[in-house]
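Source file: target_6.txt. Holds: compact mmCIF, C-alpha atoms and all ligand atoms.
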# COMPACT_ATOMS: atom_id res chain seq x y z
CA MET G 1290 -19.49 2.13 -10.24
CA ILE G 1291 -17.86 5.30 -11.52
CA GLU G 1292 -18.26 6.32 -15.19
CA GLY G 1293 -15.38 5.24 -17.44
CA PHE G 1294 -14.50 2.01 -15.65
CA ARG G 1295 -14.45 -1.07 -17.91
CA PHE G 1296 -13.65 -4.55 -16.65
CA LEU G 1297 -12.73 -7.27 -19.18
CA PRO G 1298 -12.36 -10.47 -17.12
CA GLU G 1299 -10.10 -13.15 -18.65
CA TYR G 1300 -9.26 -10.95 -21.64
CA PHE G 1301 -6.08 -13.01 -21.98
CA SER G 1302 -6.44 -16.81 -22.13
CA PRO G 1303 -4.22 -18.96 -19.87
CA ALA G 1304 -1.92 -19.66 -22.86
CA GLN G 1305 -1.68 -15.94 -23.67
CA GLN G 1306 -0.99 -15.17 -19.99
CA ARG G 1307 1.91 -17.65 -20.01
CA ALA G 1308 3.28 -16.13 -23.20
CA LEU G 1309 3.01 -12.58 -21.82
CA VAL G 1310 4.64 -13.51 -18.49
CA MET G 1311 7.52 -15.17 -20.36
CA VAL G 1312 8.07 -12.03 -22.42
CA VAL G 1313 7.91 -9.74 -19.38
CA LEU G 1314 10.15 -11.95 -17.19
CA GLY G 1315 12.68 -12.00 -20.03
CA LEU G 1316 12.67 -8.19 -20.20
CA LEU G 1317 13.09 -7.94 -16.40
CA GLU G 1318 16.48 -9.69 -16.59
CA GLU G 1319 18.15 -6.57 -18.00
CA ASN G 1320 15.55 -4.18 -16.63
CA PRO G 1321 14.93 -5.37 -13.08
CA VAL G 1322 12.18 -4.38 -10.70
CA TYR G 1323 13.61 -2.19 -7.95
CA ARG G 1324 12.22 -0.63 -4.80
CA GLY G 1325 11.34 3.05 -5.15
CA ALA G 1326 10.70 5.38 -2.25
CA MET G 1327 8.07 7.84 -1.11
CA PRO G 1328 8.60 11.51 -1.91
CA ARG G 1329 9.86 13.63 1.04
CA THR G 1330 10.06 10.77 3.57
CA GLY G 1331 12.09 8.32 1.48
CA LYS G 1332 10.06 5.46 2.99
CA PRO G 1333 10.47 2.37 0.77
CA LEU G 1334 7.50 1.43 -1.42
CA SER G 1335 5.73 -1.84 -0.66
CA VAL G 1336 5.56 -2.71 -4.37
CA ARG G 1337 8.69 -3.05 -6.51
CA ASN G 1338 8.45 -1.69 -10.02
CA THR G 1339 10.12 -1.02 -13.34
CA ASN G 1340 8.89 0.21 -16.72
CA LEU G 1341 8.75 -0.55 -20.42
CA GLY G 1342 8.53 2.06 -23.17
CA PRO G 1343 10.15 5.43 -23.93
CA LEU G 1344 9.10 6.83 -20.55
CA GLY G 1345 8.83 5.29 -17.11
CA TRP G 1346 7.21 6.35 -13.85
CA VAL G 1347 9.60 6.67 -10.93
CA SER G 1348 9.16 7.66 -7.29
CA ASP G 1349 11.99 8.72 -5.02
CA ILE G 1350 12.61 11.14 -2.19
CA LYS G 1351 12.53 14.04 -4.72
CA GLY G 1352 9.06 13.21 -6.02
CA TYR G 1353 7.12 11.38 -8.71
CA ARG G 1354 8.03 11.82 -12.38
CA TYR G 1355 8.38 10.17 -15.78
CA GLN G 1356 11.90 9.68 -17.12
CA PRO G 1357 13.55 7.75 -19.99
CA LEU G 1358 16.16 5.85 -17.93
CA HIS G 1359 16.03 3.15 -15.24
CA PRO G 1360 17.21 4.82 -12.01
CA GLU G 1361 19.44 1.92 -10.97
CA THR G 1362 20.85 0.57 -14.24
CA GLY G 1363 20.96 3.95 -16.02
CA LYS G 1364 19.73 2.23 -19.18
CA ALA G 1365 16.73 3.08 -21.36
CA TRP G 1366 13.61 1.09 -20.53
CA PRO G 1367 12.99 -1.69 -23.10
CA ALA G 1368 10.23 -1.33 -25.68
CA ILE G 1369 6.64 -2.22 -24.84
CA PRO G 1370 6.05 -5.73 -26.26
CA ASP G 1371 3.70 -6.29 -29.20
CA MET G 1372 1.06 -8.13 -27.14
CA LEU G 1373 0.59 -4.98 -25.05
CA MET G 1374 0.67 -2.58 -28.02
CA ASP G 1375 -2.03 -4.79 -29.60
CA LEU G 1376 -4.07 -4.63 -26.39
CA TRP G 1377 -3.89 -0.81 -26.35
CA ARG G 1378 -5.05 -0.65 -29.99
CA ASP G 1379 -7.89 -3.02 -29.20
CA VAL G 1380 -9.28 -1.35 -26.07
CA ALA G 1381 -7.91 2.16 -25.44
CA ASN G 1382 -9.93 4.01 -28.10
CA TYR G 1383 -7.10 6.58 -28.22
CA ALA G 1384 -5.31 7.64 -31.41
CA ALA G 1385 -1.73 7.86 -30.07
CA PRO G 1386 0.32 4.94 -28.71
CA PRO G 1387 1.14 4.44 -25.02
CA GLN G 1388 4.50 5.85 -23.87
CA ALA G 1389 4.92 3.99 -20.60
CA CYS G 1390 4.09 0.59 -19.22
CA LEU G 1391 4.55 0.58 -15.45
CA VAL G 1392 5.36 -2.92 -14.17
CA ASN G 1393 4.27 -3.37 -10.55
CA TRP G 1394 5.54 -6.51 -8.79
CA TYR G 1395 3.58 -7.58 -5.70
CA GLU G 1396 4.69 -10.16 -3.18
CA ALA G 1397 2.53 -11.78 -0.49
CA GLY G 1398 2.37 -8.76 1.83
CA SER G 1399 2.53 -5.97 -0.76
CA ARG G 1400 -0.12 -3.30 -0.86
CA LEU G 1401 -0.73 -0.04 -2.68
CA GLY G 1402 -2.44 2.69 -0.71
CA LEU G 1403 -5.36 4.70 -2.04
CA HIS G 1404 -4.03 7.24 -4.58
CA ILE G 1405 -4.80 9.01 -7.83
CA ASP G 1406 -2.62 8.85 -10.93
CA ALA G 1407 -1.92 12.49 -11.77
CA ASP G 1408 1.62 12.57 -13.20
CA GLU G 1409 0.51 12.29 -16.85
CA THR G 1410 -0.25 15.44 -18.87
CA ALA G 1411 -2.36 13.54 -21.43
CA ARG G 1412 -5.33 13.61 -19.08
CA ASP G 1413 -7.80 12.51 -21.76
CA ALA G 1414 -5.99 9.20 -22.35
CA PRO G 1415 -7.15 6.09 -20.51
CA VAL G 1416 -4.97 3.82 -18.40
CA VAL G 1417 -5.13 0.16 -19.44
CA SER G 1418 -4.23 -2.41 -16.77
CA VAL G 1419 -3.36 -6.11 -17.09
CA SER G 1420 -3.20 -8.43 -14.08
CA LEU G 1421 -0.97 -11.54 -14.11
CA GLY G 1422 -0.43 -14.12 -11.39
CA SER G 1423 -1.99 -14.03 -7.95
CA ARG G 1424 -5.35 -12.38 -7.38
CA ALA G 1425 -5.54 -8.95 -5.81
CA LEU G 1426 -8.19 -7.16 -3.80
CA PHE G 1427 -8.56 -3.92 -5.77
CA ARG G 1428 -10.44 -0.92 -4.45
CA LEU G 1429 -11.93 1.85 -6.58
CA GLY G 1430 -13.35 5.02 -5.11
CA GLY G 1431 -14.34 8.37 -6.53
CA LEU G 1432 -12.90 11.79 -7.20
CA GLU G 1433 -12.22 12.55 -3.55
CA ARG G 1434 -10.28 10.55 -0.99
CA THR G 1435 -13.42 10.32 1.15
CA SER G 1436 -15.71 9.13 -1.70
CA PRO G 1437 -17.30 5.71 -1.15
CA THR G 1438 -15.27 2.80 -2.52
CA SER G 1439 -16.08 -0.62 -3.92
CA SER G 1440 -13.77 -3.62 -3.86
CA MET G 1441 -13.27 -6.34 -6.43
CA ARG G 1442 -10.82 -9.14 -7.06
CA LEU G 1443 -8.56 -8.83 -10.07
CA ALA G 1444 -7.38 -12.19 -11.40
CA SER G 1445 -4.73 -13.26 -13.88
CA GLY G 1446 -5.64 -12.31 -17.42
CA ASP G 1447 -8.12 -9.61 -16.40
CA VAL G 1448 -7.92 -6.23 -18.12
CA VAL G 1449 -9.25 -2.99 -16.65
CA ILE G 1450 -9.67 0.23 -18.64
CA LEU G 1451 -9.81 3.49 -16.73
CA GLY G 1452 -11.18 6.29 -18.86
CA GLY G 1453 -13.46 9.25 -18.30
CA GLN G 1454 -14.15 9.99 -14.63
CA ALA G 1455 -12.54 6.73 -13.49
CA ARG G 1456 -9.19 7.97 -14.79
CA ARG G 1457 -9.19 10.55 -11.98
CA ALA G 1458 -10.57 8.29 -9.28
CA TYR G 1459 -8.87 7.14 -6.09
CA HIS G 1460 -7.85 3.47 -6.14
CA GLY G 1461 -5.51 1.03 -4.46
CA VAL G 1462 -4.66 -2.61 -3.79
CA ASP G 1463 -5.51 -3.83 -0.28
CA ARG G 1464 -4.11 -7.34 -0.45
CA ILE G 1465 -2.69 -10.15 -2.55
CA TYR G 1466 -3.86 -13.78 -2.37
CA PRO G 1467 -0.47 -15.44 -2.86
CA GLU G 1468 -1.75 -19.01 -3.16
CA SER G 1469 -4.16 -18.17 -5.96
CA SER G 1470 -1.81 -18.64 -8.94
CA THR G 1471 1.52 -20.18 -9.88
CA LEU G 1472 2.00 -18.08 -13.01
CA VAL G 1473 4.41 -15.57 -11.46
CA PRO G 1474 7.46 -16.93 -9.56
CA GLY G 1475 6.96 -16.94 -5.78
CA GLY G 1476 3.17 -16.65 -6.06
CA GLY G 1477 3.60 -13.00 -6.93
CA ARG G 1478 1.44 -10.68 -8.94
CA ILE G 1479 2.48 -8.50 -11.85
CA ASN G 1480 0.32 -5.56 -12.85
CA LEU G 1481 1.07 -3.81 -16.12
CA THR G 1482 -0.40 -0.36 -16.73
CA LEU G 1483 -0.19 1.19 -20.19
CA ARG G 1484 -0.14 4.98 -20.14
CA ARG G 1485 0.00 7.94 -22.48
CA VAL G 1486 2.11 10.51 -20.63
CA THR G 1487 2.28 13.58 -22.90
CA ALA G 1488 -0.45 14.97 -25.14
CA PRO G 1489 0.05 13.73 -28.73
C1 LIG B 1501 -7.92 3.70 -11.53
N1 LIG B 1501 -1.95 -0.07 -10.09
O1 LIG B 1501 -0.03 1.49 -11.17
S1 LIG B 1501 -4.37 -1.45 -11.67
C2 LIG B 1501 -0.96 2.08 -10.57
O2 LIG B 1501 -2.94 -3.32 -9.43
C3 LIG B 1501 -2.01 1.26 -9.93
O3 LIG B 1501 -0.99 -2.40 -9.61
C4 LIG B 1501 -2.83 -0.98 -9.44
O4 LIG B 1501 -2.87 1.79 -9.32
C5 LIG B 1501 -2.22 -2.35 -9.51
O5 LIG B 1501 -1.08 3.30 -10.50
C6 LIG B 1501 -4.22 -0.94 -9.99
C7 LIG B 1501 -5.89 -0.67 -12.12
C8 LIG B 1501 -5.79 0.81 -12.22
C9 LIG B 1501 -4.72 1.44 -12.80
C10 LIG B 1501 -4.69 2.81 -12.97
C11 LIG B 1501 -5.76 3.58 -12.54
C12 LIG B 1501 -6.84 1.57 -11.76
C13 LIG B 1501 -6.82 2.95 -11.93
C14 LIG B 1501 -5.79 4.96 -12.76
C15 LIG B 1501 -6.88 5.68 -12.38
C16 LIG B 1501 -7.94 5.05 -11.76
FE FE B 1502 -2.78 3.95 -9.75
How does the structure come out when it is put into structure tokens?
Ligand code: MD3
Ligand code: FE
Amino acid sequence: MIEGFRFLPEYFSPAQQRALVMVVLGLLEENPVYRGAMPRTGKPLSVRNTNLGPLGWVSDIKGYRYQPLHPETGKAWPAIPDMLMDLWRDVANYAAPPQACLVNWYEAGSRLGLHIDADETARDAPVVSVSLGSRALFRLGGLERTSPTSSMRLASGDVVILGGQARRAYHGVDRIYPESSTLVPGGGRINLTLRRVTAP
């Protein structure tokens, strides 16, 4: 496995997972997940998303970027909840707070193609990921698209920290196992990724 990858299975207990999902679902009422589009082609994304925090990642026909406002509601993204700020302090080993929490919402057939996360200028900061709800088949490769990959299942409550070399590695989600959890409505999966966008 690539340097800088840390896997903390069941970091959140079932009770903590329920509490976190309740908080996030509450925030999604005024800050809904929406379907972004691929740059250039405008092809709709398979995964719906929204964000929490002062900045949010968006993808549309014009490109990928971070911006302070929800593209459909025009409102500021809500603050990152305390449980997630506490997680960052506990595991990120990074002096400055996260600025964005991307909320990815997967349904039964959703997938996320192999990609690298390169829209953040704070390249020394890790990405911290939390999985909630149905299990996912996650794939992590290396620094090039053709590097060998390894697959693992990410389950509800698992935390993954991507620092070092892993921060620049190709990765994706090949499938969701929609019967594997009832935590998220519709057997869905929510992935939360905490990110530092700009250098402190
Ligand atoms: C490896 N999310 O939001 S989480 C993404 O399950 C993303 O929704 C996936 O890839 C998901 O960009 C995977 C684990 C993860 C997150 C960020 C990474 C792995 C990563 C950044 C660099 C390398
Ligand atoms: Fe990613």
(message) Could you tell me how far atom CA of Pro1415 of chain G sits from atom CA of Gln1306 of chain G, in Å to one decimal place?
(response) 22.1 Å
(message) Taking only C-alpha atoms and all ligand atoms and a cut-off of 9 Å, can you tell me which residues surround ligand FE 1502 (chain B), written as a ChimeraX atom specification?
(response) /G:1401,1403-1407,1416,1458-1461,1482
(request) For segment 1379-1390 of chain G, please output as a PyMOL selection string all residues within 6 Å (counting all atoms listed in the file; exclusion window: fewer than 5 positions along the same chain). (result) chain G and resi 1340-1345+1482-1485
(message) Counting only C-alpha atoms and all ligand atoms, which residue out of G:Leu1316, G:Met1311, G:Ala1411, G:Leu1391 sits closest to ligand LIG 1501 (chain B)?
(response) G:Leu1391
Need the shell around Leu1314 of chain G: protein/DNA/RNA residues with any atom at most 12 Å away, counting only C-alpha atoms. Skip same-chain ones fewer than 2 positions apart. Format as a PDB file with C-alpha atoms, keeping the file's coordinate frame?
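Listing of out_10.pdb after writing:
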ATOM      1  CA  GLN G1306      -0.990 -15.170 -19.990  1.00  0.00           C
ATOM      2  CA  ARG G1307       1.910 -17.650 -20.010  1.00  0.00           C
ATOM      3  CA  ALA G1308       3.280 -16.130 -23.200  1.00  0.00           C
ATOM      4  CA  LEU G1309       3.010 -12.580 -21.820  1.00  0.00           C
ATOM      5  CA  VAL G1310       4.640 -13.510 -18.490  1.00  0.00           C
ATOM      6  CA  MET G1311       7.520 -15.170 -20.360  1.00  0.00           C
ATOM      7  CA  VAL G1312       8.070 -12.030 -22.420  1.00  0.00           C
ATOM      8  CA  LEU G1316      12.670  -8.190 -20.200  1.00  0.00           C
ATOM      9  CA  LEU G1317      13.090  -7.940 -16.400  1.00  0.00           C
ATOM     10  CA  GLU G1318      16.480  -9.690 -16.590  1.00  0.00           C
ATOM     11  CA  GLU G1319      18.150  -6.570 -18.000  1.00  0.00           C
ATOM     12  CA  ASN G1320      15.550  -4.180 -16.630  1.00  0.00           C
ATOM     13  CA  PRO G1321      14.930  -5.370 -13.080  1.00  0.00           C
ATOM     14  CA  VAL G1322      12.180  -4.380 -10.700  1.00  0.00           C
ATOM     15  CA  THR G1339      10.120  -1.020 -13.340  1.00  0.00           C
ATOM     16  CA  LEU G1341       8.750  -0.550 -20.420  1.00  0.00           C
ATOM     17  CA  PRO G1370       6.050  -5.730 -26.260  1.00  0.00           C
ATOM     18  CA  VAL G1392       5.360  -2.920 -14.170  1.00  0.00           C
ATOM     19  CA  TRP G1394       5.540  -6.510  -8.790  1.00  0.00           C
ATOM     20  CA  LEU G1421      -0.970 -11.540 -14.110  1.00  0.00           C
ATOM     21  CA  LEU G1472       2.000 -18.080 -13.010  1.00  0.00           C
ATOM     22  CA  VAL G1473       4.410 -15.570 -11.460  1.00  0.00           C
ATOM     23  CA  PRO G1474       7.460 -16.930  -9.560  1.00  0.00           C
ATOM     24  CA  ILE G1479       2.480  -8.500 -11.850  1.00  0.00           C
TER      25      ILE G1479
END
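One finds atom CA of Asn1480 of chain G at 9.3 Å from atom O5 of ligand LIG 1501 (chain B).
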(request) Within 12 Å of Met1290 of chain G, counting all atoms listed in the file, which residues show up once you throw out same-chain ones fewer than 5 positions away? Write them as a PyMOL selection string, please. (result) chain G and resi 1295-1296+1428-1431+1436-1441+1451+1454-1455+1458
Take every atom of segment 1411-1422 of chain G listed in the file, fit an axis-aligned box around them, add 4 Å per side, and give the centre and edge lengths in Å to one decimal as lines of an AutoDock Vina configuration file.
center_x = -4.1
center_y = -0.3
center_z = -16.9
size_x = 15.4
size_y = 35.7
size_z = 19.0
(request) Would you please work out which residue, of G:Gly1325, G:Gly1293, G:Gly1476, G:Pro1357, is nearest to ligand LIG 1501 (chain B) when using only C-alpha atoms and all ligand atoms? (result) G:Gly1293
Please supply segment 1341-1352 of chain G, rebuilt with all heavy atoms, as an mmCIF file, in the coordinates of the input.
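File rebuild-v9.cif, as written:
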data_model
loop_
_atom_site.group_PDB
_atom_site.id
_atom_site.type_symbol
_atom_site.label_atom_id
_atom_site.label_comp_id
_atom_site.auth_asym_id
_atom_site.auth_seq_id
_atom_site.Cartn_x
_atom_site.Cartn_y
_atom_site.Cartn_z
ATOM 1 N N LEU G 1341 8.438 -0.265 -19.022
ATOM 2 C CA LEU G 1341 8.750 -0.550 -20.420
ATOM 3 C C LEU G 1341 8.289 0.673 -21.215
ATOM 4 O O LEU G 1341 7.332 1.338 -20.818
ATOM 5 C CB LEU G 1341 7.988 -1.788 -20.901
ATOM 6 C CG LEU G 1341 8.064 -3.016 -19.986
ATOM 7 C CD1 LEU G 1341 7.099 -4.093 -20.467
ATOM 8 C CD2 LEU G 1341 9.489 -3.546 -19.931
ATOM 9 N N GLY G 1342 8.964 0.942 -22.329
ATOM 10 C CA GLY G 1342 8.530 2.060 -23.170
ATOM 11 C C GLY G 1342 9.476 3.241 -23.085
ATOM 12 O O GLY G 1342 10.404 3.249 -22.282
ATOM 13 N N PRO G 1343 9.247 4.264 -23.908
ATOM 14 C CA PRO G 1343 10.150 5.430 -23.930
ATOM 15 C C PRO G 1343 10.196 6.210 -22.625
ATOM 16 O O PRO G 1343 11.192 6.873 -22.342
ATOM 17 C CB PRO G 1343 9.629 6.289 -25.086
ATOM 18 C CG PRO G 1343 8.327 5.708 -25.509
ATOM 19 C CD PRO G 1343 8.232 4.306 -24.969
ATOM 20 N N LEU G 1344 9.128 6.145 -21.834
ATOM 21 C CA LEU G 1344 9.100 6.830 -20.550
ATOM 22 C C LEU G 1344 8.722 5.854 -19.446
ATOM 23 O O LEU G 1344 7.990 4.894 -19.696
ATOM 24 C CB LEU G 1344 8.091 7.983 -20.566
ATOM 25 C CG LEU G 1344 8.453 9.189 -21.434
ATOM 26 C CD1 LEU G 1344 7.295 10.176 -21.475
ATOM 27 C CD2 LEU G 1344 9.728 9.873 -20.907
ATOM 28 N N GLY G 1345 9.191 6.133 -18.241
ATOM 29 C CA GLY G 1345 8.830 5.290 -17.110
ATOM 30 C C GLY G 1345 8.545 6.131 -15.881
ATOM 31 O O GLY G 1345 9.166 7.173 -15.674
ATOM 32 N N TRP G 1346 7.604 5.650 -15.073
ATOM 33 C CA TRP G 1346 7.210 6.350 -13.850
ATOM 34 C C TRP G 1346 8.180 5.968 -12.740
ATOM 35 O O TRP G 1346 8.416 4.770 -12.512
ATOM 36 C CB TRP G 1346 5.781 5.985 -13.487
ATOM 37 C CG TRP G 1346 5.248 6.677 -12.272
ATOM 38 C CD1 TRP G 1346 4.651 7.912 -12.237
ATOM 39 C CD2 TRP G 1346 5.242 6.182 -10.925
ATOM 40 N NE1 TRP G 1346 4.283 8.208 -10.947
ATOM 41 C CE2 TRP G 1346 4.639 7.174 -10.135
ATOM 42 C CE3 TRP G 1346 5.698 5.002 -10.327
ATOM 43 C CZ2 TRP G 1346 4.463 7.019 -8.760
ATOM 44 C CZ3 TRP G 1346 5.527 4.856 -8.959
ATOM 45 C CH2 TRP G 1346 4.910 5.853 -8.185
ATOM 46 N N VAL G 1347 8.724 6.944 -12.059
ATOM 47 C CA VAL G 1347 9.600 6.670 -10.930
ATOM 48 C C VAL G 1347 9.175 7.507 -9.722
ATOM 49 O O VAL G 1347 8.610 8.588 -9.866
ATOM 50 C CB VAL G 1347 11.101 6.912 -11.238
ATOM 51 C CG1 VAL G 1347 11.574 6.062 -12.408
ATOM 52 C CG2 VAL G 1347 11.387 8.366 -11.487
ATOM 53 N N SER G 1348 9.447 6.978 -8.544
ATOM 54 C CA SER G 1348 9.160 7.660 -7.290
ATOM 55 C C SER G 1348 10.391 7.564 -6.416
ATOM 56 O O SER G 1348 10.896 6.462 -6.161
ATOM 57 C CB SER G 1348 7.972 6.977 -6.601
ATOM 58 O OG SER G 1348 7.709 7.588 -5.354
ATOM 59 N N ASP G 1349 10.882 8.711 -5.981
ATOM 60 C CA ASP G 1349 11.990 8.720 -5.020
ATOM 61 C C ASP G 1349 11.792 9.888 -4.075
ATOM 62 O O ASP G 1349 10.761 10.562 -4.119
ATOM 63 C CB ASP G 1349 13.354 8.714 -5.730
ATOM 64 C CG ASP G 1349 13.589 9.960 -6.573
ATOM 65 O OD1 ASP G 1349 12.908 10.989 -6.330
ATOM 66 O OD2 ASP G 1349 14.451 9.911 -7.468
ATOM 67 N N ILE G 1350 12.760 10.123 -3.229
ATOM 68 C CA ILE G 1350 12.610 11.140 -2.190
ATOM 69 C C ILE G 1350 12.323 12.528 -2.789
ATOM 70 O O ILE G 1350 11.664 13.363 -2.170
ATOM 71 C CB ILE G 1350 13.843 11.122 -1.257
ATOM 72 C CG1 ILE G 1350 13.556 11.849 0.055
ATOM 73 C CG2 ILE G 1350 15.076 11.669 -1.967
ATOM 74 C CD1 ILE G 1350 14.453 11.432 1.205
ATOM 75 N N LYS G 1351 12.746 12.734 -4.055
ATOM 76 C CA LYS G 1351 12.530 14.040 -4.720
ATOM 77 C C LYS G 1351 11.129 14.200 -5.283
ATOM 78 O O LYS G 1351 10.694 15.315 -5.559
ATOM 79 C CB LYS G 1351 13.559 14.211 -5.851
ATOM 80 C CG LYS G 1351 14.992 14.344 -5.352
ATOM 81 C CD LYS G 1351 15.988 14.490 -6.503
ATOM 82 C CE LYS G 1351 16.232 13.163 -7.189
ATOM 83 N NZ LYS G 1351 17.234 13.267 -8.289
ATOM 84 N N GLY G 1352 10.423 13.104 -5.497
ATOM 85 C CA GLY G 1352 9.060 13.210 -6.020
ATOM 86 C C GLY G 1352 8.737 12.125 -7.022
ATOM 87 O O GLY G 1352 9.508 11.182 -7.207
#
